[in-house]
>>> print(open('target-v4.csv').read())   # CSV, C-alpha atoms
chain,number,residue,atom,x,y,z
Z,1,MET,CA,9.5,-0.2,-22.1
Z,2,SER,CA,8.8,-3.9,-21.6
Z,3,ASP,CA,12.4,-4.5,-20.5
Z,4,ASP,CA,12.2,-1.6,-18.1
Z,5,LYS,CA,11.1,-3.6,-15.1
Z,6,LEU,CA,11.0,-2.6,-11.5
Z,7,VAL,CA,12.4,-5.3,-9.1
Z,8,ILE,CA,12.0,-5.0,-5.3
Z,9,ALA,CA,13.3,-7.8,-3.0
Z,10,GLY,CA,13.4,-10.1,-6.1
Z,11,ILE,CA,9.8,-9.4,-7.0
Z,12,GLU,CA,9.3,-8.2,-10.5
Z,13,PHE,CA,6.7,-5.4,-11.0
Z,14,GLN,CA,5.2,-4.9,-14.5
Z,15,SER,CA,3.6,-1.5,-13.7
Z,16,ARG,CA,5.1,1.6,-12.1
Z,17,LEU,CA,1.6,2.8,-11.2
Z,18,TRP,CA,0.4,1.2,-7.9
Z,19,VAL,CA,-3.1,1.9,-6.8
Z,20,GLY,CA,-5.2,1.7,-3.7
Z,21,THR,CA,-8.6,0.1,-3.4
Z,22,GLY,CA,-10.4,2.6,-1.0
Z,23,LYS,CA,-13.1,5.2,-1.6
Z,24,TYR,CA,-14.7,3.7,-4.7
Z,25,LYS,CA,-18.4,3.6,-5.1
Z,26,ASP,CA,-18.5,-0.2,-5.1
Z,27,PHE,CA,-16.3,-3.2,-5.9
Z,28,ALA,CA,-17.3,-3.1,-9.6
Z,29,GLU,CA,-15.9,0.4,-9.9
Z,30,THR,CA,-12.8,-0.6,-8.0
Z,31,LYS,CA,-12.2,-3.5,-10.4
Z,32,LYS,CA,-12.8,-1.4,-13.5
Z,33,ALA,CA,-10.5,1.4,-12.4
Z,34,ILE,CA,-7.8,-1.1,-11.5
Z,35,GLU,CA,-8.1,-2.8,-14.9
Z,36,VAL,CA,-8.0,0.5,-16.9
Z,37,SER,CA,-5.0,1.8,-14.9
Z,38,GLY,CA,-2.9,-1.1,-16.2
Z,39,THR,CA,-1.4,-1.7,-12.7
Z,40,ASP,CA,-0.3,-5.0,-11.3
Z,41,VAL,CA,0.0,-3.8,-7.7
Z,42,VAL,CA,-3.0,-3.0,-5.5
Z,43,THR,CA,-2.8,-2.0,-1.9
Z,44,VAL,CA,-5.4,-3.2,0.6
Z,45,SER,CA,-6.2,-2.6,4.2
Z,46,VAL,CA,-6.5,-5.2,6.9
Z,47,ARG,CA,-9.7,-5.0,8.8
Z,48,ARG,CA,-12.0,-7.0,11.1
Z,49,VAL,CA,-14.2,-9.4,9.2
Z,50,ASN,CA,-17.9,-8.3,9.4
Z,51,ILE,CA,-19.3,-11.0,11.7
Z,52,ILE,CA,-22.9,-9.7,11.6
Z,53,ASP,CA,-23.2,-9.4,7.8
Z,54,LYS,CA,-21.2,-12.2,6.4
Z,55,SER,CA,-22.9,-11.9,3.1
Z,56,LYS,CA,-20.8,-8.8,2.4
Z,57,GLU,CA,-18.8,-9.2,-0.7
Z,58,ASN,CA,-15.1,-9.9,-0.3
Z,59,LEU,CA,-12.6,-7.6,-2.1
Z,60,LEU,CA,-10.6,-10.6,-3.2
Z,61,ASP,CA,-13.6,-11.9,-5.2
Z,62,PHE,CA,-13.1,-8.8,-7.4
Z,63,ILE,CA,-9.3,-8.5,-7.3
Z,64,ASP,CA,-7.7,-11.8,-8.2
Z,65,PRO,CA,-4.5,-12.3,-6.2
Z,66,LYS,CA,-3.2,-14.5,-9.1
Z,67,LYS,CA,-3.5,-11.5,-11.4
Z,68,TYR,CA,-2.4,-8.7,-9.1
Z,69,LYS,CA,0.3,-8.4,-6.5
Z,70,ILE,CA,-1.6,-7.6,-3.2
Z,71,LEU,CA,0.2,-5.1,-1.0
Z,72,PRO,CA,-1.4,-5.1,2.4
Z,73,ASN,CA,-1.0,-1.9,4.3
Z,74,THR,CA,-1.2,-0.8,8.0
Z,75,ALA,CA,-3.3,2.2,7.2
Z,76,GLY,CA,-5.0,3.7,10.2
Z,77,CYS,CA,-2.3,2.5,12.7
Z,78,TYR,CA,-1.1,5.2,15.1
Z,79,THR,CA,1.4,3.2,17.1
Z,80,ALA,CA,4.3,0.8,16.2
Z,81,LYS,CA,2.6,-1.9,18.2
Z,82,GLU,CA,-0.7,-1.7,16.2
Z,83,ALA,CA,1.2,-1.5,12.9
Z,84,ILE,CA,3.3,-4.6,13.8
Z,85,ARG,CA,0.2,-6.6,14.8
Z,86,THR,CA,-1.6,-5.6,11.6
Z,87,ALA,CA,1.3,-6.4,9.4
Z,88,MET,CA,1.9,-9.8,11.0
Z,89,LEU,CA,-1.8,-10.6,10.5
Z,90,ALA,CA,-1.6,-9.6,6.9
Z,91,ALA,CA,1.4,-11.9,6.4
Z,92,GLU,CA,-0.5,-14.7,8.2
Z,93,ALA,CA,-3.4,-14.4,5.7
Z,94,GLY,CA,-1.0,-16.2,3.5
Z,95,ILE,CA,-1.0,-14.3,0.2
Z,96,THR,CA,2.2,-12.2,0.5
Z,97,LYS,CA,5.1,-11.2,2.6
Z,98,LEU,CA,4.9,-7.6,1.3
Z,99,VAL,CA,3.6,-4.9,3.5
Z,100,LYS,CA,3.2,-1.2,3.1
Z,101,LEU,CA,4.1,0.0,6.6
Z,102,GLU,CA,2.3,3.1,7.7
Z,103,VAL,CA,2.3,4.5,11.2
Z,104,ILE,CA,0.4,7.8,11.2
Z,105,GLY,CA,1.4,10.5,13.6
Z,106,ASP,CA,-1.4,12.9,13.5
Z,107,GLN,CA,-5.1,12.9,12.4
Z,108,LYS,CA,-5.1,16.3,10.8
Z,109,THR,CA,-2.1,15.9,8.5
Z,110,LEU,CA,-1.9,12.1,8.4
Z,111,PHE,CA,1.9,12.7,8.3
Z,112,PRO,CA,3.9,9.6,9.3
Z,113,ASP,CA,5.3,9.1,12.7
Z,114,ASN,CA,8.8,8.4,11.4
Z,115,GLU,CA,10.2,7.3,14.8
Z,116,ALA,CA,7.5,4.7,15.3
Z,117,THR,CA,7.7,3.6,11.6
Z,118,LEU,CA,11.4,2.9,12.1
Z,119,GLU,CA,10.7,0.9,15.3
Z,120,ALA,CA,8.0,-1.2,13.6
Z,121,ALA,CA,10.1,-1.7,10.4
Z,122,LYS,CA,13.0,-3.2,12.5
Z,123,VAL,CA,10.6,-5.8,14.1
Z,124,LEU,CA,8.9,-6.7,10.8
Z,125,VAL,CA,12.1,-7.0,8.8
Z,126,LYS,CA,13.4,-9.4,11.5
Z,127,GLU,CA,10.1,-11.4,11.1
Z,128,GLY,CA,10.9,-11.8,7.5
Z,129,LEU,CA,8.5,-9.4,5.9
Z,130,ILE,CA,9.2,-7.3,2.9
Z,131,VAL,CA,8.7,-3.9,4.4
Z,132,LEU,CA,7.9,-0.9,2.2
Z,133,PRO,CA,7.7,2.1,4.5
Z,134,TYR,CA,5.6,5.2,4.1
Z,135,THR,CA,7.7,8.1,5.3
Z,136,SER,CA,8.0,11.8,5.1
Z,137,ASP,CA,10.3,13.2,2.3
Z,138,ASP,CA,13.3,13.1,4.6
Z,139,PRO,CA,16.6,11.7,3.2
Z,140,ILE,CA,18.0,10.9,6.6
Z,141,MET,CA,14.9,8.9,7.5
Z,142,ALA,CA,15.1,7.1,4.2
Z,143,LYS,CA,18.7,6.1,4.9
Z,144,LYS,CA,17.8,4.8,8.4
Z,145,LEU,CA,15.0,2.7,6.9
Z,146,VAL,CA,17.2,1.2,4.2
Z,147,ASP,CA,20.0,0.6,6.8
Z,148,ILE,CA,17.7,-1.7,8.8
Z,149,GLY,CA,16.6,-3.7,5.7
Z,150,CYS,CA,13.7,-1.9,3.9
Z,151,PRO,CA,14.2,-2.8,0.2
Z,152,ALA,CA,12.3,0.3,-1.0
Z,153,ILE,CA,11.2,3.6,0.4
Z,154,MET,CA,7.8,5.3,0.0
Z,155,PRO,CA,8.1,9.0,0.6
Z,156,LEU,CA,5.0,11.1,0.5
Z,157,ALA,CA,4.5,13.7,-2.2
Z,158,ALA,CA,2.1,15.7,-0.1
Z,159,PRO,CA,-0.4,14.9,2.7
Z,160,ILE,CA,-2.5,11.8,2.0
Z,161,GLY,CA,-5.6,12.6,-0.1
Z,162,SER,CA,-4.5,16.3,-0.5
Z,163,GLY,CA,-3.9,16.2,-4.3
Z,164,LEU,CA,-1.2,18.8,-3.9
Z,165,GLY,CA,1.4,16.9,-6.0
Z,166,ILE,CA,5.1,16.7,-5.1
Z,167,ARG,CA,5.7,19.6,-2.6
Z,168,ASN,CA,9.4,19.1,-2.4
Z,169,PRO,CA,10.9,17.6,-5.6
Z,170,TYR,CA,14.4,18.6,-4.3
Z,171,ASN,CA,14.1,16.4,-1.2
Z,172,ILE,CA,12.8,13.5,-3.4
Z,173,ARG,CA,15.9,13.9,-5.6
Z,174,ILE,CA,18.2,14.0,-2.5
Z,175,ILE,CA,16.5,10.8,-1.3
Z,176,MET,CA,17.2,9.1,-4.6
Z,177,GLU,CA,20.9,10.1,-4.3
Z,178,THR,CA,21.1,9.1,-0.7
Z,179,VAL,CA,19.7,5.6,-0.9
Z,180,LYS,CA,20.2,3.1,-3.7
Z,181,VAL,CA,16.8,1.3,-3.4
Z,182,PRO,CA,13.7,1.9,-5.5
Z,183,ILE,CA,11.6,5.0,-4.5
Z,184,VAL,CA,7.9,4.8,-4.7
Z,185,VAL,CA,6.2,8.1,-4.3
Z,186,ASP,CA,3.2,7.5,-2.0
Z,187,ALA,CA,0.3,9.8,-1.3
Z,188,GLY,CA,-0.7,13.3,-2.2
Z,189,VAL,CA,-0.7,13.3,-6.0
Z,190,GLY,CA,-3.7,14.9,-7.6
Z,191,THR,CA,-3.6,14.4,-11.4
Z,192,ALA,CA,-1.7,12.9,-14.3
Z,193,SER,CA,0.9,15.6,-14.5
Z,194,ASP,CA,1.8,15.0,-10.8
Z,195,VAL,CA,2.7,11.4,-11.5
Z,196,ALA,CA,4.5,12.3,-14.7
Z,197,LEU,CA,6.6,14.7,-12.7
Z,198,ALA,CA,7.4,12.1,-10.1
Z,199,MET,CA,8.6,9.7,-12.9
Z,200,GLU,CA,10.5,12.5,-14.6
Z,201,LEU,CA,12.4,13.0,-11.4
Z,202,GLY,CA,13.5,9.4,-11.6
Z,203,CYS,CA,11.2,7.8,-9.1
Z,204,ASP,CA,10.6,4.2,-9.7
Z,205,ALA,CA,6.9,4.1,-9.1
Z,206,VAL,CA,3.9,6.0,-7.8
Z,207,LEU,CA,1.2,4.8,-5.4
Z,208,LEU,CA,-2.1,6.6,-5.4
Z,209,ASN,CA,-5.7,6.1,-4.5
Z,210,THR,CA,-7.8,9.2,-3.9
Z,211,ALA,CA,-6.6,10.9,-7.1
Z,212,ILE,CA,-8.4,8.2,-9.1
Z,213,ALA,CA,-11.2,7.2,-6.7
Z,214,GLY,CA,-12.1,10.8,-5.9
Z,215,ALA,CA,-12.1,12.1,-9.5
Z,216,LYS,CA,-15.4,12.9,-11.2
Z,217,ASP,CA,-14.8,10.1,-13.6
Z,218,PRO,CA,-12.5,7.6,-11.8
Z,219,ILE,CA,-12.3,5.2,-14.8
Z,220,ALA,CA,-11.1,8.0,-17.1
Z,221,MET,CA,-8.6,9.3,-14.4
Z,222,ALA,CA,-7.3,5.7,-14.0
Z,223,GLU,CA,-6.4,5.8,-17.7
Z,224,ALA,CA,-4.9,9.2,-17.5
Z,225,MET,CA,-2.7,8.1,-14.6
Z,226,LYS,CA,-1.5,5.1,-16.7
Z,227,TYR,CA,-0.3,7.5,-19.5
Z,228,GLY,CA,1.1,9.9,-16.9
Z,229,VAL,CA,3.4,7.3,-15.5
Z,230,LEU,CA,4.4,6.0,-18.9
Z,231,ALA,CA,5.1,9.5,-20.3
Z,232,GLY,CA,7.1,10.5,-17.2
Z,233,ARG,CA,9.1,7.3,-17.2
Z,234,LEU,CA,9.9,7.6,-21.0
Z,235,ALA,CA,10.9,11.3,-20.6
Z,236,TYR,CA,13.2,10.4,-17.7
Z,237,LYS,CA,14.8,7.6,-19.7
Z,238,ALA,CA,15.1,9.9,-22.8
Z,239,GLY,CA,16.9,12.6,-20.8
Z,240,ARG,CA,15.4,16.0,-20.9
Z,241,ILE,CA,17.2,19.1,-22.3
Z,242,PRO,CA,18.8,21.4,-19.7
Z,243,LYS,CA,16.8,24.5,-18.7
Z,244,LYS,CA,18.3,27.8,-20.0
Z,245,LEU,CA,17.4,31.4,-19.5
Z,246,TYR,CA,17.7,32.5,-23.1
Z,247,ALA,CA,16.3,31.1,-26.4
Z,248,THR,CA,18.1,28.7,-28.7
Z,249,ALA,CA,16.8,28.6,-32.3
Z,250,SER,CA,15.4,25.3,-33.5
Z,251,SER,CA,15.7,26.2,-37.2
Z,252,PRO,CA,19.0,26.5,-39.1
Z,253,ILE,CA,20.3,30.1,-39.7
Z,254,GLU,CA,21.8,29.1,-43.1
Z,255,GLY,CA,19.8,29.5,-46.3
Z,256,MET,CA,17.5,32.2,-45.1
Z,257,ILE,CA,16.1,34.4,-47.8
Z,258,GLY,CA,17.8,37.8,-48.3
Z,259,SER,CA,21.0,36.6,-46.7
K,1,MET,CA,-18.8,-19.5,27.6
K,2,ASN,CA,-18.2,-15.9,26.6
K,3,ILE,CA,-15.6,-14.6,24.2
K,4,THR,CA,-14.9,-11.2,22.7
K,5,LEU,CA,-14.9,-11.5,18.9
K,6,ASN,CA,-13.8,-8.4,16.9
K,7,GLY,CA,-14.6,-6.2,19.9
K,8,GLU,CA,-18.1,-7.7,20.5
K,9,LYS,CA,-19.1,-10.0,23.3
K,10,LYS,CA,-20.3,-13.4,22.1
K,11,GLU,CA,-21.6,-16.5,23.7
K,12,VAL,CA,-20.2,-19.7,22.1
K,13,PRO,CA,-20.4,-23.4,23.1
K,14,ASP,CA,-17.7,-24.7,25.5
K,15,GLY,CA,-14.8,-26.5,23.9
K,16,LEU,CA,-15.1,-24.6,20.6
K,17,THR,CA,-11.9,-24.5,18.5
K,18,VAL,CA,-10.8,-21.7,16.2
K,19,ALA,CA,-11.7,-23.9,13.3
K,20,GLY,CA,-15.1,-24.6,14.8
K,21,LEU,CA,-15.7,-20.9,15.3
K,22,LEU,CA,-14.8,-20.0,11.7
K,23,GLU,CA,-17.1,-22.8,10.5
K,24,HIS,CA,-19.9,-21.7,12.8
K,25,LEU,CA,-19.5,-18.2,11.3
K,26,SER,CA,-19.3,-19.5,7.7
K,27,ILE,CA,-15.9,-17.8,7.3
K,28,GLN,CA,-13.5,-19.2,4.7
K,29,SER,CA,-10.3,-19.7,6.7
K,30,GLN,CA,-7.9,-19.3,3.8
K,31,ARG,CA,-9.0,-15.6,3.4
K,32,VAL,CA,-8.5,-14.5,7.0
K,33,ALA,CA,-6.0,-14.2,9.8
K,34,VAL,CA,-6.7,-14.8,13.4
K,35,GLU,CA,-5.3,-13.4,16.6
K,36,LEU,CA,-6.1,-14.9,20.0
K,37,ASN,CA,-5.3,-12.7,23.0
K,38,GLU,CA,-3.0,-10.7,20.8
K,39,ASN,CA,-1.0,-13.7,19.5
K,40,ILE,CA,-1.4,-14.9,15.9
K,41,VAL,CA,-2.9,-18.4,15.5
K,42,ARG,CA,-1.3,-20.2,12.5
K,43,LYS,CA,-3.8,-21.7,10.1
K,44,THR,CA,-2.4,-25.1,10.9
K,45,GLN,CA,-3.3,-24.7,14.5
K,46,TYR,CA,-6.9,-23.7,14.0
K,47,ALA,CA,-8.3,-27.2,14.5
K,48,GLU,CA,-6.3,-27.8,17.7
K,49,THR,CA,-6.7,-24.4,19.4
K,50,VAL,CA,-9.5,-24.6,21.9
K,51,LEU,CA,-11.1,-21.4,23.1
K,52,ARG,CA,-11.5,-20.6,26.8
K,53,ASN,CA,-13.9,-18.4,28.6
K,54,GLY,CA,-12.9,-14.7,28.4
K,55,ASP,CA,-10.7,-15.2,25.3
K,56,SER,CA,-10.4,-12.2,22.9
K,57,LEU,CA,-10.2,-12.9,19.2
K,58,GLU,CA,-9.6,-10.8,16.2
K,59,VAL,CA,-10.5,-12.2,12.8
K,60,VAL,CA,-9.3,-10.0,9.9
K,61,SER,CA,-9.4,-9.9,6.2
K,62,PHE,CA,-8.3,-7.7,3.3
K,63,MET,CA,-10.6,-4.7,2.6
K,64,GLY,CA,-10.5,-1.7,0.3
K,65,GLY,CA,-8.0,1.0,1.3
K,66,GLY,CA,-5.1,3.1,0.2
K,67,SER,CA,-3.6,5.2,2.9
K,68,ALA,CA,-4.6,6.1,6.5
K,69,ALA,CA,-8.2,5.0,5.8
>>> encode(input="target-v4.csv", output="structure tokens")
Amino acid sequence: MSDDKLVIAGIEFQSRLWVGTGKYKDFAETKKAIEVSGTDVVTVSVRRVNIIDKSKENLLDFIDPKKYKILPNTAGCYTAKEAIRTAMLAAEAGITKLVKLEVIGDQKTLFPDNEATLEAAKVLVKEGLIVLPYTSDDPIMAKKLVDIGCPAIMPLAAPIGSGLGIRNPYNIRIIMETVKVPIVVDAGVGTASDVALAMELGCDAVLLNTAIAGAKDPIAMAEAMKYGVLAGRLAYKAGRIPKKLYATASSPIEGMIGS
Amino acid sequence: MNITLNGEKKEVPDGLTVAGLLEHLSIQSQRVAVELNENIVRKTQYAETVLRNGDSLEVVSFMGGGSAA
């Protein structure tokens, strides 16, 4: 599997499991879960520096940007303008040109505002950022985003943090047939079988956060996710047998006693 | 003079630069990004960007987060 590398906009990714850094008990747990997951991509949010309490520990003290690819996100942005400002600030911080573009449309579902996402993506691509957009599982939207220069697409599996797994595997398949860029399933997976399924479908990577951070034992779940991705990817490459309605014997008929 | 820093009103000495402000706050400039009145200030301009009364600044950094926060 070591030659089975994922490349997006010329950047080589070692791992097909990408993880978020939110909702952990503390930075020590975040660091441990990330290590155990085997990932080399971590997504981070862009937030105001705490001016009052400057002694607060910095995430980058625990996650070495030399060891991990930092993927800043525009999480929590509800307008194209906010997302553009946040992404531009992330780029200015000087670590990376990558951005996970997220423009949320609604507080209850946290579904993306696709129209605003496209608008923001156009601006950010022109500014030279490598824009990986979080979108609904809509093949038409995926095509529009690729057409304006997004080098990968991040369709949701299910609502963020819901743990429901891939709700519409058929749409994910159609997205993969519609656009010829890497597909990173983002948001909504719950457990290792969900990520395995995403990989078996032929997706290129999975990004998750809550499924690990919210598990009873986040460190153990991080390890489970690592194997889920590896198993799913191997199964995809191996090529599964077709599904059939009736049985096919797996032992030879010849040489049976009494025949 | 008065500025707004990350949404909070703050009194700072006249003639303070962005670099001076970050130093005053003990913030490592390589880990942050700064927006002045909604325009990004490049790191190379921190030393020469002088703040004015009523300016609004955002100083941001990377924090934990996955999606939608």
>>> interface_residues(input="target-v4.csv", of="chain Z", to="chain K", cutoff="6 Å", atoms="only C-alpha atoms", output="PyMOL selection string")
chain Z and resi 20-22+43-49+59+75-76+89+92-93+209
>>> atom_distance(input="target-v4.csv", atom1="atom CA of Z:Glu82", atom2="atom CA of Z:Thr117")
10.9 Å
>>> residues_around(input="target-v4.csv", residues="Z:Leu197", least_positions_apart="3", cutoff="12 Å", atoms="only C-alpha atoms", output="PyMOL selection string")
chain Z and resi 157+165-169+172-173+185+189-194+200-206+225+228-236
>>> atom_distance(input="target-v4.csv", atom1="atom CA of Z:Ile130", atom2="atom CA of Z:Cys150")
7.1 Å
>>> residues_near_point(input="target-v4.csv", point="(-8.8, 7.8, -15.0)", cutoff="12 Å", atoms="all atoms listed in the file", output="PyMOL selection string")
chain Z and resi 19+29-30+32-38+190-192+208-228
>>> atom_distance(input="target-v4.csv", atom1="atom CA of K:Pro13", atom2="atom CA of K:Met1")
6.2 Å
>>> residues_around(input="target-v4.csv", residues="stretch 102-113 of chain Z", least_positions_apart="3", cutoff="6 Å", atoms="all atoms listed in the file", output="list of chain:residue names")
Z:Thr74, Z:Ala75, Z:Cys77, Z:Tyr78, Z:Ala116, Z:Thr117, Z:Tyr134, Z:Thr135
>>> residues_around(input="target-v4.csv", residues="Z:Gly188", least_positions_apart="4", cutoff="6 Å", atoms="all atoms listed in the file", output="PyMOL selection string")
chain Z and resi 157-165
>>> residues_around(input="target-v4.csv", residues="K:Leu16", least_positions_apart="2", cutoff="9 Å", atoms="all atoms listed in the file", output="ChimeraX atom specification")
/K:12-14,18-21,49-52
>>> closest_residue(input="target-v4.csv", among="Z:Leu129, Z:Ala28, Z:Ser251, Z:Ala80", to="Z:Lys100", atoms="only C-alpha atoms")
Z:Leu129
>>> residues_around(input="target-v4.csv", residues="K:Thr4", least_positions_apart="2", cutoff="8 Å", atoms="all atoms listed in the file", output="NGL selection string")
:K and (2 or 6-10 or 54-57)
>>> decode(input="target-v4.csv", residues="chain K", atoms="C-alpha atoms", output="PDB file, in the first residue's frame")
ATOM      1  CA  MET K   1      -6.017  56.085  21.692  1.00  0.00           C
ATOM      2  CA  ASN K   2      -8.687  53.428  21.511  1.00  0.00           C
ATOM      3  CA  ILE K   3      -8.770  50.406  19.232  1.00  0.00           C
ATOM      4  CA  THR K   4     -11.006  47.376  18.984  1.00  0.00           C
ATOM      5  CA  LEU K   5      -8.994  44.189  19.333  1.00  0.00           C
ATOM      6  CA  ASN K   6     -10.755  40.874  18.690  1.00  0.00           C
ATOM      7  CA  GLY K   7     -14.057  42.535  19.430  1.00  0.00           C
ATOM      8  CA  GLU K   8     -12.917  44.167  22.702  1.00  0.00           C
ATOM      9  CA  LYS K   9     -12.245  47.891  23.207  1.00  0.00           C
ATOM     10  CA  LYS K  10      -8.681  48.516  24.265  1.00  0.00           C
ATOM     11  CA  GLU K  11      -6.617  51.574  25.095  1.00  0.00           C
ATOM     12  CA  VAL K  12      -3.127  51.569  23.599  1.00  0.00           C
ATOM     13  CA  PRO K  13      -0.313  54.163  23.336  1.00  0.00           C
ATOM     14  CA  ASP K  14      -0.454  56.568  20.380  1.00  0.00           C
ATOM     15  CA  GLY K  15       1.752  55.623  17.442  1.00  0.00           C
ATOM     16  CA  LEU K  16       1.742  51.907  18.262  1.00  0.00           C
ATOM     17  CA  THR K  17       2.507  49.637  15.300  1.00  0.00           C
ATOM     18  CA  VAL K  18       1.082  46.152  14.658  1.00  0.00           C
ATOM     19  CA  ALA K  19       4.492  44.704  15.566  1.00  0.00           C
ATOM     20  CA  GLY K  20       4.488  46.793  18.752  1.00  0.00           C
ATOM     21  CA  LEU K  21       1.014  45.615  19.675  1.00  0.00           C
ATOM     22  CA  LEU K  22       1.908  41.934  19.222  1.00  0.00           C
ATOM     23  CA  GLU K  23       5.051  42.432  21.293  1.00  0.00           C
ATOM     24  CA  HIS K  24       3.054  44.263  23.963  1.00  0.00           C
ATOM     25  CA  LEU K  25       0.669  41.282  24.078  1.00  0.00           C
ATOM     26  CA  SER K  26       3.528  38.724  24.041  1.00  0.00           C
ATOM     27  CA  ILE K  27       2.127  37.113  20.899  1.00  0.00           C
ATOM     28  CA  GLN K  28       4.526  35.281  18.594  1.00  0.00           C
ATOM     29  CA  SER K  29       3.924  36.890  15.230  1.00  0.00           C
ATOM     30  CA  GLN K  30       4.870  33.828  13.165  1.00  0.00           C
ATOM     31  CA  ARG K  31       1.885  31.896  14.548  1.00  0.00           C
ATOM     32  CA  VAL K  32      -0.829  34.446  13.908  1.00  0.00           C
ATOM     33  CA  ALA K  33      -2.489  36.410  11.129  1.00  0.00           C
ATOM     34  CA  VAL K  34      -3.686  39.978  11.486  1.00  0.00           C
ATOM     35  CA  GLU K  35      -6.537  41.863   9.874  1.00  0.00           C
ATOM     36  CA  LEU K  36      -6.771  45.652  10.205  1.00  0.00           C
ATOM     37  CA  ASN K  37     -10.172  47.122   9.379  1.00  0.00           C
ATOM     38  CA  GLU K  38     -10.967  43.934   7.426  1.00  0.00           C
ATOM     39  CA  ASN K  39      -7.765  44.062   5.360  1.00  0.00           C
ATOM     40  CA  ILE K  40      -5.010  41.529   5.904  1.00  0.00           C
ATOM     41  CA  VAL K  41      -1.721  42.949   7.136  1.00  0.00           C
ATOM     42  CA  ARG K  42       1.228  41.036   5.693  1.00  0.00           C
ATOM     43  CA  LYS K  43       3.816  39.936   8.231  1.00  0.00           C
ATOM     44  CA  THR K  44       6.438  42.044   6.459  1.00  0.00           C
ATOM     45  CA  GLN K  45       4.284  45.136   7.095  1.00  0.00           C
ATOM     46  CA  TYR K  46       3.795  44.638  10.855  1.00  0.00           C
ATOM     47  CA  ALA K  47       6.665  46.965  11.797  1.00  0.00           C
ATOM     48  CA  GLU K  48       5.580  49.800   9.516  1.00  0.00           C
ATOM     49  CA  THR K  49       1.820  49.629  10.031  1.00  0.00           C
ATOM     50  CA  VAL K  50       0.912  52.352  12.544  1.00  0.00           C
ATOM     51  CA  LEU K  51      -2.423  52.026  14.311  1.00  0.00           C
ATOM     52  CA  ARG K  52      -4.903  54.891  14.425  1.00  0.00           C
ATOM     53  CA  ASN K  53      -7.612  55.802  16.875  1.00  0.00           C
ATOM     54  CA  GLY K  54     -10.733  53.753  16.159  1.00  0.00           C
ATOM     55  CA  ASP K  55      -8.955  50.984  14.263  1.00  0.00           C
ATOM     56  CA  SER K  56     -10.404  47.512  14.437  1.00  0.00           C
ATOM     57  CA  LEU K  57      -8.024  44.555  14.571  1.00  0.00           C
ATOM     58  CA  GLU K  58      -8.440  40.827  14.401  1.00  0.00           C
ATOM     59  CA  VAL K  59      -5.567  38.626  15.549  1.00  0.00           C
ATOM     60  CA  VAL K  60      -6.195  34.949  14.830  1.00  0.00           C
ATOM     61  CA  SER K  61      -4.411  31.649  15.215  1.00  0.00           C
ATOM     62  CA  PHE K  62      -5.089  27.952  14.624  1.00  0.00           C
ATOM     63  CA  MET K  63      -7.249  26.228  17.223  1.00  0.00           C
ATOM     64  CA  GLY K  64      -8.759  22.780  17.584  1.00  0.00           C
ATOM     65  CA  GLY K  65     -11.696  22.112  15.308  1.00  0.00           C
ATOM     66  CA  GLY K  66     -13.119  19.797  12.702  1.00  0.00           C
ATOM     67  CA  SER K  67     -16.301  20.979  11.112  1.00  0.00           C
ATOM     68  CA  ALA K  68     -18.808  23.730  11.845  1.00  0.00           C
ATOM     69  CA  ALA K  69     -17.364  24.143  15.381  1.00  0.00           C
TER      70      ALA K  69
END
